[in-house]
Amino acid sequence: MYAQMIKSEATQDDPEKLAAFQVRIDAGDKIEPKDWMPEGYRKTLIRQIGQHAHSEIVGQLPEGNWITRAPTLERKAILLAKVQDEAGHGLYLYCAAETLGVTRDELTEMLLDGRMKYSSIFNYPTLTWADMGAVGWLVDGAAIMNQVPLQRTSFGPYSRAMIRICKEESFHQRQGYDIMMKMANGTEAQKRMAQDALNRMWFPSLMMFGPSDAESVHSEQSMSWKIKMNGNDELRQKFVDQTVPQAEFLGLTVPDPDLKWNETKGGYDFTGPDWDEFFDVLRGNGPCNKERLAARNKAWDDGAWVRDGLMAHAEKKRAAKLAAE
Amino acid sequence: MSTADPYFDFLCRMGDNTLILGHRVSEWCGHSPVLEEDIALANIALDLIGQTQMWLGLAAEVEGKGRTADDLAMLRDVWDFRSALIVEQPNGDFGQTLMRQFLFDTWHLLMLQGLTKSCEPRVAEIAAKAVKEVMYHVERSGDTVIGLGDGTEESHTKIQAALDLMWPYVGELFTPDAVDEAMLAAGIAPDLTEMRKTFEAQVSAVMAEATLTIPDSRFAHKGGKSGFQHTEHLGHLLTNMQWLQRAYPGANW
Ligand SMILES: [Fe+2]
Ligand SMILES: [Fe+2]
Ligand SMILES: [Fe+2]
């Protein structure tokens with residue numbers, strides 16, 4: 001998922017107000033920006049929605065890496081449209097976060113100087129065209145697992161953003177799978193690319209759900225506030241159960257020798273990802289962390305004169321209009 | 001390959017312009033100055049790629065050798081491309097990209113408006129679809145040029161430099177050659193000399209509002225639309241764009 005390891009903030013509000021707030025949440029009310037909310041709820045949401053927005057934005061880069069090399073005009077158009085959707089998701093989410101009293105520019109600055117994170121998955125490279133398939137299939141697929149339940153999250157603007165986003169994400173996943181089908185049924189080289197993409201992306205995709213709930217100390221408060229809807233392990237299991245048959249249908253091998261159907265639990269037993277690697281990636285040591293952040297910083301710095309110029313012009317026009325009135 | 005059929009050449013010019021410019025614009029994806037620009041540029045690139053499919057699709061049909069739009073896009077070498085030199089210019093800074101876009105868009109809209117009256121119904125049909133998209137492109141790029149020209153001192157300097165850089169690539173779009181003359185005579189495409197007058201009036205109006213000065217020179221580079229002499233940039237662009245089709249011939253993607 002695009003928001004990993006979100007710390008929930010302790011809250012020191014009036015216990016009566018807190019209790020009344022919890023009653024609203026439990027009753028399935030939507031909390032709107034003007035409503036009273038605990039400080040911890042607000043701060044946790046800013047962190048979570050912000051991280052989610054940053055993931056959409058940084059997530060443009062690994063796929064953007066192949067736009068200019070897409071093999072056909074149609075594939076190029078589909079990929080462009082997908083990456084454009086992701087930018088749009090970023091925009092909705094920043095808007096949702098702004099209703100909580102933080103600006104998009106503030107959030108951006110925090111991403112650029114490393115105070116805020118984005119999903120670990122986008123620190124992995126896209127090396128062949130099959131990766132465009134694998135990203136849609138696995139990464140968008142994992143994102144959906146988390147985002148579908150978040151449509152019912154308690155915070156109104158976040159919930160509405162998720163409803164819009166989910167429609168597009170399931171489309172992305174189907175498009176990704178379609179690329180994988182073409183590759184898996186293609187030439188020997190294409191099959192090799194498809195298998196290689198799965199080999200590299202499998203465990204990083206499992207990491208998207210975050211560490212095991214047993215180690216996750218922040219989940220409980222977020223769950224009771226309905227900011228987090230499901231446990232990490234539960235979603236990871238669901239993802240594996242959904243994805244393994246899809247891999248089989250493609251004729252690809254999931255890179256986990258211990259993967260096995262477990263009749264009793266009605267799901268697969270599987271090997272978890274290497275959490276040391278996950279924490280390394282979070283600390284900035286993933287294969288592409290430096291490039292991703294450098295690219296975003298460069299875009300921001302190089303674009304400063306453009307933003308300033310356009311703002312100055314808008315200001316002049318406003319002043320001229322005022323003077324004319 | 002210099003084809004004997006000016007109609008095929010003309011269709012390649014339309015499709016190659018949108019292909020190459022669409023490719024250039026798509027290079028910005030994820031790197032724009034602001035999120036709204038990322039979305040808008042992707043949108044423009046998408047429109048241009050869609051138009052490419054229509055123009056090159058028709059070109060391939062007219063040629064009648066069993067090639068497809070993708071074959072034309074992915075398997076021709078530099079000398080067979082018929083795009084104008086302006087569209088293969090590198091993105092440079094955002095100002096250069098936007099100035100290239102505005103000058104091209106203004107030409108493009110006039111061309112498409114003329115083509116909607118083409119005596120070739122297929123051409124008129126494609127133009128009618130594209131013209132709606134391009135009206136939006138020119139409005140947007142024009143507004144941005146104005147905003148940057150009449151923004152800060154820095155943005156003014158940068159966008160003026162972009163105009164100085166791009167201006168010598170305008171003339172080629174309007175200088176008629178044998179293909180253009182054949183298209184005009186056949187009633188397929190509009191008169192470039194007439195178009196230039198409207199272009200100048202429109203561009204002058206935008207530049208005046210943008211407080212920018214159009215260079216006092218009619219010097220024009222040429223060689224793109226004829227395919228005689230592209231810039232060095234096009235080969236690198238094709239190396240990138242055509243990589244998969246060249247490296248894995250015959251694969252289905
Ligand atoms: Fe997204
Ligand atoms: Fe996504
Ligand atoms: Fe997506």
# chains A, B, ... in the order shown; residues from 1 in each chain; ligands from 1
>>> residues_near_ligand(ligand="ligand 3", cutoff="6 Å", atoms="only C-alpha atoms and all ligand atoms", output="VMD selection string")
chain A and resid 86 140 169 172
>>> residues_near_ligand(ligand="ligand 2", cutoff="12 Å", atoms="only C-alpha atoms and all ligand atoms", output="ChimeraX atom specification")
/A:1-3,52-63,82-90,118-119,121-122,135-147,162,165-173,176,208
>>> interface_residues(of="chain B", to="chain A", cutoff="7 Å", atoms="only C-alpha atoms", output="PDB file with C-alpha atoms, in the first residue's frame")
ATOM      1  CA  HIS B  23       7.290  12.113 -27.822  1.00  0.00           C
ATOM      2  CA  SER B  26       6.007  12.994 -22.985  1.00  0.00           C
ATOM      3  CA  GLU B  27       9.626  13.293 -21.842  1.00  0.00           C
ATOM      4  CA  CYS B  29       6.241  13.196 -17.489  1.00  0.00           C
ATOM      5  CA  GLY B  30       6.987  13.362 -13.758  1.00  0.00           C
ATOM      6  CA  HIS B  31       9.481  16.231 -14.116  1.00  0.00           C
ATOM      7  CA  SER B  32       7.319  19.321 -14.594  1.00  0.00           C
ATOM      8  CA  PRO B  33       7.518  22.498 -12.502  1.00  0.00           C
ATOM      9  CA  LEU B  35       1.662  18.963 -10.755  1.00  0.00           C
ATOM     10  CA  ILE B  39      -1.135  16.519 -16.013  1.00  0.00           C
ATOM     11  CA  ALA B  42       0.619  14.367 -20.461  1.00  0.00           C
ATOM     12  CA  LEU B  46      -1.771  11.885 -25.405  1.00  0.00           C
ATOM     13  CA  ILE B  49      -0.112  10.394 -30.046  1.00  0.00           C
ATOM     14  CA  GLN B  53      -2.355   6.953 -34.970  1.00  0.00           C
ATOM     15  CA  ASP B  70       3.293   1.401 -35.857  1.00  0.00           C
ATOM     16  CA  GLY B 147       2.122  34.378 -18.033  1.00  0.00           C
ATOM     17  CA  LEU B 148       5.845  33.752 -18.265  1.00  0.00           C
ATOM     18  CA  ASP B 150       4.599  39.112 -18.259  1.00  0.00           C
ATOM     19  CA  GLY B 151       5.644  37.393 -15.018  1.00  0.00           C
ATOM     20  CA  THR B 152       8.934  38.048 -13.243  1.00  0.00           C
ATOM     21  CA  GLU B 154      13.632  36.055 -14.751  1.00  0.00           C
ATOM     22  CA  SER B 155      10.697  34.355 -16.446  1.00  0.00           C
ATOM     23  CA  ASN B 240      15.060   5.728 -27.791  1.00  0.00           C
ATOM     24  CA  MET B 241      11.572   5.479 -29.272  1.00  0.00           C
ATOM     25  CA  GLN B 242      12.275   2.548 -31.586  1.00  0.00           C
ATOM     26  CA  TRP B 243      14.481   0.532 -29.249  1.00  0.00           C
ATOM     27  CA  LEU B 244      12.150  -2.354 -28.451  1.00  0.00           C
ATOM     28  CA  GLN B 245      10.896  -2.833 -31.999  1.00  0.00           C
ATOM     29  CA  ALA B 251       7.524  -9.546 -31.306  1.00  0.00           C
ATOM     30  CA  ASN B 252       3.952  -8.766 -30.383  1.00  0.00           C
ATOM     31  CA  TRP B 253       3.593  -6.234 -27.567  1.00  0.00           C
TER      32      TRP B 253
END
>>> closest_residue(among="B:Leu173, B:Val131, B:Ala210, B:Met14", to="Leu103 in chain B", atoms="only C-alpha atoms")
B:Leu173
>>> residues_around(residues="Met111 in chain B", least_positions_apart="4", cutoff="7 Å", atoms="only C-alpha atoms", output="VMD selection string")
chain B and resid 107 115 190
>>> write_last_selection(atoms="all heavy atoms", output="PDB file, in the first residue's frame")
ATOM      1  N   TRP B 107       0.408  27.161 -35.613  1.00  0.00           N
ATOM      2  CA  TRP B 107       0.446  26.618 -36.982  1.00  0.00           C
ATOM      3  C   TRP B 107      -0.531  25.440 -37.125  1.00  0.00           C
ATOM      4  O   TRP B 107      -1.302  25.376 -38.082  1.00  0.00           O
ATOM      5  CB  TRP B 107       1.875  26.147 -37.311  1.00  0.00           C
ATOM      6  CG  TRP B 107       1.931  25.390 -38.610  1.00  0.00           C
ATOM      7  CD1 TRP B 107       2.046  25.911 -39.863  1.00  0.00           C
ATOM      8  CD2 TRP B 107       1.842  23.958 -38.777  1.00  0.00           C
ATOM      9  NE1 TRP B 107       2.042  24.897 -40.800  1.00  0.00           N
ATOM     10  CE2 TRP B 107       1.911  23.698 -40.168  1.00  0.00           C
ATOM     11  CE3 TRP B 107       1.695  22.883 -37.901  1.00  0.00           C
ATOM     12  CZ2 TRP B 107       1.851  22.398 -40.689  1.00  0.00           C
ATOM     13  CZ3 TRP B 107       1.632  21.594 -38.420  1.00  0.00           C
ATOM     14  CH2 TRP B 107       1.713  21.362 -39.795  1.00  0.00           C
ATOM     15  N   LEU B 115      -7.727  21.988 -43.067  1.00  0.00           N
ATOM     16  CA  LEU B 115      -7.932  20.589 -43.491  1.00  0.00           C
ATOM     17  C   LEU B 115      -9.371  20.108 -43.258  1.00  0.00           C
ATOM     18  O   LEU B 115      -9.798  19.146 -43.893  1.00  0.00           O
ATOM     19  CB  LEU B 115      -6.956  19.656 -42.764  1.00  0.00           C
ATOM     20  CG  LEU B 115      -5.478  19.809 -43.141  1.00  0.00           C
ATOM     21  CD1 LEU B 115      -4.623  18.868 -42.296  1.00  0.00           C
ATOM     22  CD2 LEU B 115      -5.237  19.561 -44.625  1.00  0.00           C
ATOM     23  N   PRO B 190      -4.636  23.424 -47.142  1.00  0.00           N
ATOM     24  CA  PRO B 190      -4.761  24.873 -47.342  1.00  0.00           C
ATOM     25  C   PRO B 190      -3.469  25.533 -47.844  1.00  0.00           C
ATOM     26  O   PRO B 190      -2.414  24.905 -47.861  1.00  0.00           O
ATOM     27  CB  PRO B 190      -5.115  25.377 -45.944  1.00  0.00           C
ATOM     28  CG  PRO B 190      -4.547  24.385 -45.012  1.00  0.00           C
ATOM     29  CD  PRO B 190      -4.611  23.072 -45.716  1.00  0.00           C
TER      30      PRO B 190
END
>>> select_by_dssp(residues="range 181-310 of chain A", states="alpha helix (DSSP H)", output="MDAnalysis selection string")
chainID A and resid 181:184 188:207 219:224 232:250 275:280 289:302 304:310
>>> residues_around(residues="range 260-276 of chain A", least_positions_apart="2", cutoff="8 Å", atoms="only C-alpha atoms", output="list of chain:residue names")
A:Phe203, A:Pro204, A:Leu206, A:Met207, A:Pro211, A:Gln237, A:Val240, A:Asp241, A:Asp256, A:Asp258, A:Phe278, A:Phe279, A:Asp280
>>> closest_residue(among="A:Arg164, A:Arg292, A:Arg192, A:Lys321", to="ligand 1", atoms="only C-alpha atoms and all ligand atoms")
A:Arg164
>>> residues_around(residues="Thr231 in chain B", least_positions_apart="3", cutoff="9 Å", atoms="only C-alpha atoms", output="ChimeraX atom specification")
/B:85,88-89,223-224,234-235
